[in-house]
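The file query28.tsv contains TSV, C-alpha atoms:
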```tsv
chain	number	residue	atom	x	y	z
F	1133	MET	CA	72.00	71.53	136.54
F	1134	LYS	CA	72.83	72.59	140.08
F	1135	GLU	CA	71.94	76.18	140.91
F	1136	LYS	CA	74.93	78.50	140.92
F	1137	THR	CA	76.19	79.87	144.22
F	1138	ASP	CA	77.64	83.37	144.17
F	1139	MET	CA	80.46	84.34	146.52
F	1140	ASN	CA	82.57	87.42	147.15
F	1141	LEU	CA	85.92	86.80	148.82
F	1142	SER	CA	86.71	89.24	151.62
F	1143	SER	CA	90.01	91.10	151.72
F	1144	GLU	CA	90.89	89.08	154.85
F	1145	THR	CA	90.34	85.77	153.05
F	1146	LEU	CA	92.32	86.94	150.01
F	1147	ALA	CA	95.21	87.91	152.33
F	1148	LEU	CA	95.09	84.45	153.92
F	1149	LEU	CA	95.07	82.75	150.52
F	1150	LYS	CA	98.08	84.81	149.43
F	1151	ASN	CA	99.87	83.78	152.62
F	1152	PHE	CA	98.95	80.12	152.09
F	1153	ALA	CA	100.27	80.34	148.52
F	1154	ASN	CA	103.69	81.12	150.02
F	1155	ILE	CA	103.51	77.83	151.92
F	1156	ASN	CA	102.20	75.69	149.07
F	1157	GLN	CA	101.00	76.69	145.60
F	1158	ASN	CA	98.40	73.89	145.73
F	1159	ILE	CA	95.25	74.06	147.83
F	1160	LEU	CA	92.31	71.74	148.40
F	1161	VAL	CA	89.27	73.67	149.61
F	1162	LYS	CA	86.70	71.60	151.46
F	1163	PRO	CA	83.08	72.49	152.22
F	1164	GLY	CA	82.76	74.79	155.21
F	1165	LYS	CA	84.55	77.81	156.62
F	1166	LYS	CA	88.00	76.36	157.21
F	1167	LEU	CA	91.03	76.65	154.92
F	1168	ASN	CA	94.23	74.67	155.45
F	1169	THR	CA	97.46	73.93	153.67
F	1170	ILE	CA	100.70	72.03	154.17
F	1171	SER	CA	104.12	72.58	152.61
F	1172	THR	CA	105.40	70.04	150.09
F	1173	MET	CA	108.13	69.08	152.61
F	1174	LYS	CA	105.37	68.51	155.22
F	1175	ASN	CA	107.18	70.76	157.72
F	1176	ILE	CA	104.65	73.63	157.80
F	1177	LEU	CA	100.93	73.22	158.42
F	1178	ALA	CA	98.52	76.15	158.50
F	1179	THR	CA	94.80	76.39	159.17
F	1180	ALA	CA	92.38	79.32	159.28
F	1181	GLU	CA	88.71	80.08	159.84
F	1182	VAL	CA	87.19	82.39	157.21
F	1183	LYS	CA	83.93	84.33	156.87
F	1184	GLU	CA	82.90	82.60	153.67
F	1185	ASN	CA	81.13	79.25	153.62
F	1186	PHE	CA	82.36	77.12	150.72
F	1187	GLU	CA	79.59	74.79	149.61
F	1188	GLN	CA	81.62	72.51	147.35
F	1189	GLN	CA	85.04	70.89	147.42
F	1190	PHE	CA	87.56	71.95	144.79
F	1191	ALA	CA	91.29	71.86	144.10
F	1192	ILE	CA	93.53	74.59	142.74
F	1193	TYR	CA	96.95	73.56	141.43
F	1194	ASP	CA	98.40	77.06	141.00
F	1195	LEU	CA	96.99	79.25	143.76
F	1196	PRO	CA	99.07	82.35	142.82
F	1197	GLU	CA	97.66	82.12	139.28
F	1198	PHE	CA	94.11	81.81	140.64
F	1199	LEU	CA	94.62	84.86	142.86
F	1200	ARG	CA	96.00	86.84	139.92
F	1201	THR	CA	92.88	85.86	137.95
F	1202	VAL	CA	90.60	87.07	140.75
F	1203	ASP	CA	92.62	90.29	140.86
F	1204	LEU	CA	91.72	91.01	137.22
F	1205	PHE	CA	88.28	92.12	138.40
F	1206	ASP	CA	86.95	94.98	140.49
F	1207	THR	CA	84.75	93.50	143.24
F	1208	PRO	CA	84.98	89.98	141.77
F	1209	THR	CA	82.10	87.55	142.16
F	1210	LEU	CA	82.79	83.81	142.09
F	1211	LYS	CA	80.03	81.61	140.72
F	1212	PHE	CA	80.11	77.94	141.78
F	1213	ASN	CA	77.78	75.33	140.31
F	1214	GLY	CA	79.24	72.13	141.73
F	1215	GLY	CA	81.18	71.47	138.53
F	1216	SER	CA	84.82	71.37	137.50
F	1217	SER	CA	85.30	75.14	137.24
F	1218	VAL	CA	84.31	78.44	138.79
F	1219	GLY	CA	83.09	81.51	136.96
F	1220	ILE	CA	84.56	84.87	137.94
F	1221	SER	CA	82.94	88.13	136.93
F	1222	GLY	CA	83.42	91.82	137.60
F	1223	LYS	CA	81.01	94.28	139.19
F	1224	ASP	CA	80.06	95.79	135.82
F	1225	GLY	CA	79.19	92.37	134.39
F	1226	ARG	CA	81.12	93.07	131.18
F	1227	SER	CA	84.11	90.79	131.87
F	1228	ASN	CA	84.15	87.14	132.87
F	1229	SER	CA	86.58	84.28	133.36
F	1230	LYS	CA	86.20	80.53	133.67
F	1231	TYR	CA	88.83	79.02	135.98
F	1232	THR	CA	89.17	75.23	135.81
F	1233	PHE	CA	89.83	73.25	138.96
F	1234	ALA	CA	92.64	70.70	139.23
F	1235	ASP	CA	92.43	66.96	139.75
F	1236	GLU	CA	92.60	66.41	143.51
F	1237	SER	CA	95.11	63.59	143.04
F	1238	VAL	CA	97.86	66.08	142.08
F	1239	ILE	CA	97.34	68.32	145.13
F	1240	VAL	CA	99.55	68.22	148.22
F	1241	ALA	CA	97.04	68.82	151.03
F	1242	PRO	CA	96.82	67.99	154.76
F	1243	THR	CA	95.39	64.57	155.52
F	1244	LYS	CA	95.14	64.93	159.30
F	1245	THR	CA	95.28	67.52	162.04
F	1246	ILE	CA	98.07	67.94	164.59
F	1247	THR	CA	97.52	67.48	168.30
F	1248	MET	CA	100.20	69.58	169.94
F	1249	PRO	CA	102.21	67.54	172.48
F	1250	SER	CA	103.19	68.94	175.87
F	1251	THR	CA	105.28	72.09	175.53
F	1252	GLU	CA	108.57	73.06	177.16
F	1253	VAL	CA	108.73	76.66	175.97
F	1254	SER	CA	106.08	79.34	175.45
F	1255	PHE	CA	106.22	83.07	174.75
F	1256	THR	CA	104.41	85.93	173.03
F	1257	PHE	CA	105.86	86.87	169.67
F	1258	LYS	CA	105.02	90.51	169.02
F	1259	LYS	CA	104.33	91.79	165.51
F	1260	ALA	CA	107.06	94.44	165.81
F	1261	ASP	CA	109.63	91.80	166.79
F	1262	PHE	CA	108.45	89.57	163.94
F	1263	ALA	CA	108.95	92.39	161.44
F	1264	ARG	CA	112.33	93.30	162.90
F	1265	LEU	CA	113.50	89.68	162.86
F	1266	MET	CA	112.54	89.08	159.24
F	1267	LYS	CA	114.12	92.37	158.21
F	1268	GLY	CA	117.34	91.21	159.91
F	1269	VAL	CA	117.12	87.85	158.10
F	1270	VAL	CA	116.80	89.56	154.71
F	1271	THR	CA	119.29	92.35	155.36
F	1272	LEU	CA	122.04	90.01	156.56
F	1273	ASN	CA	121.02	87.06	154.33
F	1274	LEU	CA	120.73	84.67	157.29
F	1275	PRO	CA	119.30	81.17	156.73
F	1276	ASP	CA	118.64	80.11	160.33
F	1277	ILE	CA	116.48	81.23	163.26
F	1278	ALA	CA	116.75	79.99	166.84
F	1279	VAL	CA	114.88	80.49	170.08
F	1280	ILE	CA	117.48	80.01	172.82
F	1281	GLY	CA	117.19	79.97	176.59
F	1282	ASP	CA	120.26	80.00	178.86
F	1283	GLY	CA	118.40	79.55	182.15
F	1284	LYS	CA	118.02	83.31	182.58
F	1285	THR	CA	117.16	84.98	179.29
F	1286	MET	CA	115.25	83.85	176.21
F	1287	ARG	CA	116.47	85.24	172.90
F	1288	LEU	CA	115.43	85.05	169.27
F	1289	ILE	CA	118.53	84.77	167.08
F	1290	ALA	CA	119.02	84.83	163.31
F	1291	ASP	CA	122.35	83.58	162.01
F	1292	ASP	CA	124.05	81.00	159.79
F	1293	ARG	CA	124.68	77.94	161.95
F	1294	LYS	CA	127.09	76.46	159.41
F	1295	ASN	CA	129.33	79.52	159.54
F	1296	LYS	CA	130.79	80.40	162.94
F	1297	ALA	CA	131.91	83.78	161.58
F	1298	SER	CA	128.47	84.69	160.23
F	1299	ASN	CA	126.61	87.89	160.97
F	1300	LYS	CA	123.95	87.64	163.67
F	1301	PHE	CA	120.79	89.45	164.67
F	1302	ASP	CA	119.05	88.83	167.98
F	1303	ILE	CA	116.08	90.05	170.00
F	1304	GLU	CA	115.59	89.54	173.72
F	1305	LEU	CA	112.20	87.92	174.40
F	1306	GLY	CA	112.20	87.88	178.19
F	1307	GLU	CA	113.21	85.76	181.18
F	1308	THR	CA	113.31	81.96	181.38
F	1309	ASP	CA	114.50	79.41	183.90
F	1310	LYS	CA	114.99	76.80	181.16
F	1311	THR	CA	117.96	75.88	179.00
F	1312	PHE	CA	117.16	74.95	175.42
F	1313	LYS	CA	117.95	75.56	171.77
F	1314	ALA	CA	115.06	75.43	169.29
F	1315	PHE	CA	116.29	75.72	165.70
F	1316	PHE	CA	114.27	76.67	162.61
F	1317	LYS	CA	115.00	77.33	158.97
F	1318	ALA	CA	114.30	81.01	158.30
F	1319	GLU	CA	112.54	80.01	155.06
F	1320	ASN	CA	109.89	78.24	157.16
F	1321	PHE	CA	108.80	81.46	158.92
F	1322	LYS	CA	105.96	82.03	156.45
F	1323	MET	CA	103.36	83.24	158.91
F	1324	LEU	CA	101.35	86.40	158.41
F	1325	GLU	CA	103.19	89.24	160.11
F	1326	ASP	CA	101.25	89.63	163.36
F	1327	ASP	CA	101.17	88.90	167.12
F	1328	TYR	CA	101.41	85.22	168.12
F	1329	ASP	CA	101.28	82.98	171.16
F	1330	VAL	CA	104.07	80.46	170.56
F	1331	ALA	CA	104.49	77.00	172.09
F	1332	ILE	CA	107.52	74.77	171.43
F	1333	SER	CA	107.74	71.07	172.23
F	1334	LYS	CA	110.78	68.85	172.65
F	1335	GLN	CA	109.02	66.59	170.15
F	1336	LYS	CA	110.49	69.03	167.57
F	1337	ILE	CA	107.25	70.81	166.73
F	1338	SER	CA	106.11	74.41	167.34
F	1339	HIS	CA	102.70	76.05	167.34
F	1340	PHE	CA	102.08	79.70	166.40
F	1341	VAL	CA	98.57	80.92	167.27
F	1342	ASN	CA	97.63	84.30	165.85
F	1343	ARG	CA	96.29	86.65	168.53
F	1344	THR	CA	94.24	88.90	166.24
F	1345	ARG	CA	92.71	86.60	163.62
F	1346	PRO	CA	91.71	82.91	163.46
F	1347	VAL	CA	94.83	81.46	161.84
F	1348	GLN	CA	97.49	79.17	163.28
F	1349	TYR	CA	100.64	77.43	162.09
F	1350	TRP	CA	102.61	74.36	163.11
F	1351	ILE	CA	106.28	74.49	162.12
F	1352	ALA	CA	108.78	71.65	162.49
F	1353	LEU	CA	112.01	72.30	164.40
F	1354	GLU	CA	115.35	71.26	163.00
F	1355	PRO	CA	116.70	67.90	164.31
F	1356	GLU	CA	119.62	69.57	166.14
F	1357	SER	CA	117.25	71.32	168.58
F	1358	GLU	CA	118.06	70.56	172.22
F	1359	PHE	CA	115.89	70.55	175.36
```
Output the file's structure as structure tokens, nothing else.
Amino acid sequence: MKEKTDMNLSSETLALLKNFANINQNILVKPGKKLNTISTMKNILATAEVKENFEQQFAIYDLPEFLRTVDLFDTPTLKFNGGSSVGISGKDGRSNSKYTFADESVIVAPTKTITMPSTEVSFTFKKADFARLMKGVVTLNLPDIAVIGDGKTMRLIADDRKNKASNKFDIELGETDKTFKAFFKAENFKMLEDDYDVAISKQKISHFVNRTRPVQYWIALEPESEF
């Protein structure tokens, strides 16, 4: 029998996994220090570097359930043995759980990486603006987000594009000499609330690179976007 490998998940990694669970409840963890996920609609891809080094590949079908299981324990220790499950135990050694992995064939996972094409628009998305934007989305029940440049000013706007009389919430991002309209679904803004360097391509793809931790997201633009 293969020797068991013990692992403690850091609070940073647990926060990333909780964030990834909002994108897709499935996850396929591969050997190494990188975690990635993709939404079932294939319009959000996320990848992150973590402190832990996973020595075996395994699939989890219900990531929120797995995280709730880990949360049953104080200072949980995960014990891998290369098999079809992982053992989870608490610091006192009195409680244990066996969590069975899923068949990889039922998991929606990334199959390739994205090479970002040339970008037309770039800006810094501050954590405070991110929080304010999402609060506006929730408060006013707005389904759409847009980054719009009129040749002078770049703005971040939340509204309902199907309703001309809808409420709106907008934040000025800065100056621009470009004219464009980059549309997103608000439900696709599933990034960790933080500071980001953002790049947007006319190929209808955007790239959000976290400025404080090693995580990044690629989010598809809506087809009506104009450049």
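With atom CA of F:Ile1220 on one side and atom CA of F:Met1323 on the other, the separation reads 28.2 Å.
Reported to one decimal place, the separation of atom CA of F:Leu1167 from atom CA of F:Thr1145 is 9.3 Å.
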Next on the checklist: Just the number, please: distance in Å from atom CA of F:Lys1310 to atom CA of F:Phe1257, one decimal.
Outcome noted: 17.8 Å
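In terms of minimum interatomic distance to F:His1339, F:Ile1351 ranks closest within F:Ile1170, F:Leu1177, F:Leu1288, F:Ile1351, counting all atoms listed in the file.
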Next on the checklist: Report as a PyMOL selection string all protein, DNA and RNA residues lying within 8 Å of F:Val1240, evaluated on only C-alpha atoms, omitting residues in the same chain fewer than 4 positions from it.
Outcome noted: chain F and resi 1156+1158-1159+1170-1172
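Nearest to F:Asp1203 of all the residues F:Ser1143, F:Ser1216, F:Ala1178, F:Thr1251 is F:Ser1143, based on only C-alpha atoms.
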Next on the checklist: So that I can check the surroundings of F:Phe1255, please list as a ChimeraX atom specification every protein, DNA and RNA residue that reaches within 8 Å of it, counting only C-alpha atoms and ignoring chain neighbours fewer than 4 positions away.
Outcome noted: /F:1305,1329-1331
Could those residues be written to a file, using C-alpha atoms, as a short mmCIF file (atom, residue, chain, number, x, y, z; two decimals), in the frame of the given file?
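Dumped to again_14.cif:
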```cif
data_model
loop_
_atom_site.label_atom_id
_atom_site.label_comp_id
_atom_site.auth_asym_id
_atom_site.auth_seq_id
_atom_site.Cartn_x
_atom_site.Cartn_y
_atom_site.Cartn_z
CA LEU F 1305 112.20 87.92 174.40
CA ASP F 1329 101.28 82.98 171.16
CA VAL F 1330 104.07 80.46 170.56
CA ALA F 1331 104.49 77.00 172.09
#
```
Checklist entry - Got a sec to check which residues sit within 7 Å of (83.9, 72.6, 152.7), counting all atoms listed in the file, and write them as an MDAnalysis selection string? => result chainID F and resid 1161:1165 1186:1189
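Near F:Phe1262, within 9 Å and counting all atoms listed in the file, sit Glu1325, Asp1326 and Asp1327 of chain F; same-chain residues fewer than 6 positions away were not included.
Residues lying within 10 Å of F:Phe1316, counting only C-alpha atoms and ignoring same-chain neighbours fewer than 5 positions away, are Pro1275, Asp1276, Ile1277, Ala1278, Val1279, Ala1290, Phe1321, Lys1336, Ser1338, Ile1351, Ala1352, Leu1353, Glu1354, Pro1355, Glu1356 and Ser1357 of chain F.
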Checklist entry - Using only C-alpha atoms, which residues sit within 12 Å of F:Gly1215 once same-chain residues fewer than 2 positions away are excluded, as an NGL selection string? => result :F and (1133-1137 or 1187-1191 or 1211-1213 or 1217-1219 or 1230-1234)
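For the set F:Thr1169, F:Val1202, F:Gly1214, F:Val1253, the residue with the smallest atom-to-atom gap to F:Ser1227 is F:Val1202, counting all atoms listed in the file.
Remark: for F:Glu1319, the closest of the candidate residues F:Thr1243, F:Ala1180, F:Ala1260, F:Val1270 is F:Val1270 (distances computed over all atoms listed in the file).
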Checklist entry - Which residues, protein or nucleic acid, reach to within 8 Å of (125.1, 85.1, 155.6) in the file's coordinates when using all atoms listed in the file, and can you give that as a PyMOL selection string? => result chain F and resi 1272-1275+1291-1292+1298-1299
Using the selection just defined, write its residues with C-alpha atoms as a PDB file, in the coordinates of the input.
```
ATOM      1  CA  LEU F1272     122.040  90.010 156.560  1.00  0.00           C
ATOM      2  CA  ASN F1273     121.020  87.060 154.330  1.00  0.00           C
ATOM      3  CA  LEU F1274     120.730  84.670 157.290  1.00  0.00           C
ATOM      4  CA  PRO F1275     119.300  81.170 156.730  1.00  0.00           C
ATOM      5  CA  ASP F1291     122.350  83.580 162.010  1.00  0.00           C
ATOM      6  CA  ASP F1292     124.050  81.000 159.790  1.00  0.00           C
ATOM      7  CA  SER F1298     128.470  84.690 160.230  1.00  0.00           C
ATOM      8  CA  ASN F1299     126.610  87.890 160.970  1.00  0.00           C
TER       9      ASN F1299
END
```
Checklist entry - Which is closer to F:Met1286 than all the others in F:Asn1151, F:Thr1311, F:Ser1237, F:Asn1140, using all atoms listed in the file? => result F:Thr1311
Please complete stretch 1267-1289 of chain F with N, CA and C atoms and give it back as a PDB file, in the frame of the given file.
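This went into part.pdb:
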```
ATOM      1  N   LYS F1267     113.302  91.363 158.871  1.00  0.00           N
ATOM      2  CA  LYS F1267     114.120  92.370 158.210  1.00  0.00           C
ATOM      3  C   LYS F1267     115.597  92.063 158.424  1.00  0.00           C
ATOM      4  N   GLY F1268     115.964  91.599 159.636  1.00  0.00           N
ATOM      5  CA  GLY F1268     117.340  91.210 159.910  1.00  0.00           C
ATOM      6  C   GLY F1268     117.765  90.004 159.079  1.00  0.00           C
ATOM      7  N   VAL F1269     116.846  89.039 158.920  1.00  0.00           N
ATOM      8  CA  VAL F1269     117.120  87.850 158.100  1.00  0.00           C
ATOM      9  C   VAL F1269     117.442  88.251 156.662  1.00  0.00           C
ATOM     10  N   VAL F1270     116.616  89.139 156.107  1.00  0.00           N
ATOM     11  CA  VAL F1270     116.800  89.560 154.710  1.00  0.00           C
ATOM     12  C   VAL F1270     118.028  90.443 154.557  1.00  0.00           C
ATOM     13  N   THR F1271     118.186  91.402 155.464  1.00  0.00           N
ATOM     14  CA  THR F1271     119.290  92.350 155.360  1.00  0.00           C
ATOM     15  C   THR F1271     120.646  91.650 155.436  1.00  0.00           C
ATOM     16  N   LEU F1272     120.759  90.685 156.347  1.00  0.00           N
ATOM     17  CA  LEU F1272     122.040  90.010 156.560  1.00  0.00           C
ATOM     18  C   LEU F1272     122.118  88.653 155.850  1.00  0.00           C
ATOM     19  N   ASN F1273     121.053  88.310 155.102  1.00  0.00           N
ATOM     20  CA  ASN F1273     121.020  87.060 154.330  1.00  0.00           C
ATOM     21  C   ASN F1273     121.307  85.851 155.235  1.00  0.00           C
ATOM     22  N   LEU F1274     120.515  85.720 156.294  1.00  0.00           N
ATOM     23  CA  LEU F1274     120.730  84.670 157.290  1.00  0.00           C
ATOM     24  C   LEU F1274     119.716  83.542 157.104  1.00  0.00           C
ATOM     25  N   PRO F1275     120.185  82.286 157.033  1.00  0.00           N
ATOM     26  CA  PRO F1275     119.300  81.170 156.730  1.00  0.00           C
ATOM     27  C   PRO F1275     118.642  80.510 157.943  1.00  0.00           C
ATOM     28  N   ASP F1276     119.100  80.831 159.143  1.00  0.00           N
ATOM     29  CA  ASP F1276     118.640  80.110 160.330  1.00  0.00           C
ATOM     30  C   ASP F1276     118.050  81.049 161.384  1.00  0.00           C
ATOM     31  N   ILE F1277     117.078  80.522 162.126  1.00  0.00           N
ATOM     32  CA  ILE F1277     116.480  81.230 163.260  1.00  0.00           C
ATOM     33  C   ILE F1277     116.479  80.288 164.450  1.00  0.00           C
ATOM     34  N   ALA F1278     116.765  80.810 165.628  1.00  0.00           N
ATOM     35  CA  ALA F1278     116.750  79.990 166.840  1.00  0.00           C
ATOM     36  C   ALA F1278     116.076  80.738 167.973  1.00  0.00           C
ATOM     37  N   VAL F1279     115.352  79.983 168.802  1.00  0.00           N
ATOM     38  CA  VAL F1279     114.880  80.490 170.080  1.00  0.00           C
ATOM     39  C   VAL F1279     115.738  79.799 171.131  1.00  0.00           C
ATOM     40  N   ILE F1280     116.487  80.574 171.898  1.00  0.00           N
ATOM     41  CA  ILE F1280     117.480  80.010 172.820  1.00  0.00           C
ATOM     42  C   ILE F1280     117.267  80.530 174.228  1.00  0.00           C
ATOM     43  N   GLY F1281     117.265  79.609 175.184  1.00  0.00           N
ATOM     44  CA  GLY F1281     117.190  79.970 176.590  1.00  0.00           C
ATOM     45  C   GLY F1281     118.438  79.484 177.311  1.00  0.00           C
ATOM     46  N   ASP F1282     119.032  80.364 178.143  1.00  0.00           N
ATOM     47  CA  ASP F1282     120.260  80.000 178.860  1.00  0.00           C
ATOM     48  C   ASP F1282     120.020  79.824 180.363  1.00  0.00           C
ATOM     49  N   GLY F1283     118.742  79.672 180.738  1.00  0.00           N
ATOM     50  CA  GLY F1283     118.400  79.550 182.150  1.00  0.00           C
ATOM     51  C   GLY F1283     118.067  80.877 182.783  1.00  0.00           C
ATOM     52  N   LYS F1284     118.327  81.972 182.071  1.00  0.00           N
ATOM     53  CA  LYS F1284     118.020  83.310 182.580  1.00  0.00           C
ATOM     54  C   LYS F1284     117.238  84.141 181.561  1.00  0.00           C
ATOM     55  N   THR F1285     117.745  84.142 180.338  1.00  0.00           N
ATOM     56  CA  THR F1285     117.160  84.980 179.290  1.00  0.00           C
ATOM     57  C   THR F1285     116.789  84.144 178.069  1.00  0.00           C
ATOM     58  N   MET F1286     115.668  84.483 177.460  1.00  0.00           N
ATOM     59  CA  MET F1286     115.250  83.850 176.210  1.00  0.00           C
ATOM     60  C   MET F1286     115.488  84.832 175.077  1.00  0.00           C
ATOM     61  N   ARG F1287     116.145  84.364 174.015  1.00  0.00           N
ATOM     62  CA  ARG F1287     116.470  85.240 172.900  1.00  0.00           C
ATOM     63  C   ARG F1287     116.046  84.596 171.584  1.00  0.00           C
ATOM     64  N   LEU F1288     115.739  85.455 170.640  1.00  0.00           N
ATOM     65  CA  LEU F1288     115.430  85.050 169.270  1.00  0.00           C
ATOM     66  C   LEU F1288     116.623  85.468 168.423  1.00  0.00           C
ATOM     67  N   ILE F1289     117.260  84.502 167.778  1.00  0.00           N
ATOM     68  CA  ILE F1289     118.530  84.770 167.080  1.00  0.00           C
ATOM     69  C   ILE F1289     118.436  84.320 165.626  1.00  0.00           C
TER      70      ILE F1289
END
```
